[in-house]
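Structure record follows, encoded as structure tokens.
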Amino acid sequence: MLPEVKKILYSTDLSRGATAAFEHAAYLAKKTGAEIHIMHVVEKLSSDAKITLKTYVLDAGNRREFLNERVHHAEDKLQQRQEEFWSAQSEEDQQVRNQIKSIKVIESYPAEAILKTSTELGVDLIVMGTHEKGLVHTFLGSVAKNVLGRSRIPMMIVPLPEANFD
């Protein structure tokens with residue numbers, strides 16, 4: 001029996017190159033009727049970054065506001081990217097938007113959050129893009145590589161379109 005794809009987790013780093021991965025997730029959802037769950041993980045600050053923040057931003061309320069703003073900024077950017085993507089689609093393809101069941105932005109460690117969320121949701125496929133820095137950094141990027149090495153759920157890693165390697 002062939003595996004069914006009923007739930008897709010699309011994890012985005014919010015880069016422009018991530019659109020290619022979302023195109024594949026939307027295409028698969030259209031063809032299979034699968035629901036799509038979208039997530040972005042705002043990486044937790046390192047201990048050094050927290051110490052620096054405490055050193056330069058003495059007021060605890062301002063520090064908390066700064067940390068919350070990181071998540072709100074990512075939520076706004078994700079919403080903007082979704083609007084841009086769907087407005088460029090045909091009327092027929094825009095119907096796939098109804099298959100999006102959740103969109104969330106969380107602050108955590110990316111690989112761990114993706115793995116945890118994929119298990120909690122019981123997804124059948126994780127879709128991610130390659131790192132925006134392309135071959136200069138690593139082909140996959142550290143998050144995608146980490147998830148790929150630890151996931152027991154099938155993954156689709158979508159490379160950047162060739163034009164973005166310039």
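Within each chain, counting starts at residue 1; across the structure tokens, chains are named A, B, ... in the order shown, with ligands numbered 1 upward in that order.
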Asn98 in chain A surroundings by only C-alpha atoms, 12 Å radius, close-in-sequence under 2 positions cut, as a short mmCIF file (atom, residue, chain, number, x, y, z; two decimals) with N, CA and C atoms, in the first residue's frame:
```cif
data_model
loop_
_atom_site.label_atom_id
_atom_site.label_comp_id
_atom_site.auth_asym_id
_atom_site.auth_seq_id
_atom_site.Cartn_x
_atom_site.Cartn_y
_atom_site.Cartn_z
N ALA A 26 2.15 23.52 -1.34
CA ALA A 26 0.81 23.84 -1.84
C ALA A 26 0.42 22.91 -2.99
N ALA A 29 -0.48 19.57 -1.55
CA ALA A 29 -1.77 19.67 -0.87
C ALA A 29 -2.92 19.68 -1.89
N LYS A 30 -2.70 20.40 -2.98
CA LYS A 30 -3.74 20.46 -4.02
C LYS A 30 -3.98 19.07 -4.61
N GLY A 33 -5.14 16.65 -1.40
CA GLY A 33 -6.19 17.08 -0.48
C GLY A 33 -5.69 17.24 0.95
N ALA A 34 -4.37 17.18 1.14
CA ALA A 34 -3.79 17.26 2.48
C ALA A 34 -3.98 18.63 3.08
N GLU A 35 -4.04 18.66 4.41
CA GLU A 35 -4.05 19.94 5.10
C GLU A 35 -2.61 20.41 5.27
N ILE A 36 -2.45 21.72 5.37
CA ILE A 36 -1.12 22.31 5.52
C ILE A 36 -1.06 23.01 6.88
N HIS A 37 0.03 22.77 7.58
CA HIS A 37 0.33 23.47 8.82
C HIS A 37 1.63 24.24 8.57
N TRP A 86 -0.36 34.11 -2.21
CA TRP A 86 -1.70 33.76 -2.68
C TRP A 86 -2.23 34.76 -3.71
N GLU A 92 -8.16 29.25 -9.21
CA GLU A 92 -8.27 27.83 -8.88
C GLU A 92 -7.25 27.42 -7.81
N ASP A 93 -6.02 27.87 -7.98
CA ASP A 93 -4.97 27.52 -7.01
C ASP A 93 -5.17 28.20 -5.66
N GLN A 94 -5.84 29.34 -5.66
CA GLN A 94 -6.10 30.02 -4.39
C GLN A 94 -7.00 29.20 -3.47
N GLN A 95 -7.73 28.26 -4.02
CA GLN A 95 -8.59 27.40 -3.20
C GLN A 95 -7.78 26.54 -2.23
N VAL A 96 -6.52 26.28 -2.57
CA VAL A 96 -5.65 25.49 -1.70
C VAL A 96 -5.46 26.19 -0.36
N ILE A 100 -5.08 25.25 4.58
CA ILE A 100 -4.17 25.66 5.65
C ILE A 100 -4.96 25.60 6.96
N LYS A 101 -4.52 24.74 7.86
CA LYS A 101 -5.24 24.52 9.12
C LYS A 101 -4.61 25.25 10.29
N SER A 102 -3.33 25.60 10.19
CA SER A 102 -2.71 26.35 11.27
C SER A 102 -1.50 27.10 10.75
#
```
message: Write out as a ChimeraX atom specification the set of residues from chain A that DSSP, computed on the backbone, places in alpha helix (DSSP H).
response: /A:18-32,47-56,60-87,91-94,110-121,142-150
- request: Run DSSP on the backbone of this structure and report the residues of chain A it assigns to strand (DSSP E or B), as a PyMOL selection string.
  value: chain A and resi 7-11+35-43+100-108+125-129+155-158
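Each of A:Lys145, A:His73, A:Lys6, A:Arg150 was checked against Lys116 in chain A using only C-alpha atoms; the smallest atom-to-atom distance is that of A:Arg150.
Between Phe66 in chain A and the residues A:Ile106, A:Glu23, A:Phe85, A:Leu45, the shortest atom-to-atom distance, using only C-alpha atoms, involves A:Leu45.
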query: Counting only C-alpha atoms, what is within 10 Å of Arg70 in chain A, bar same-chain residues fewer than 3 positions away, as a list in words?
result: Val42, Glu43, Glu65, Phe66, Leu67, His73, Ala74, Glu75 and Glu107 of chain A
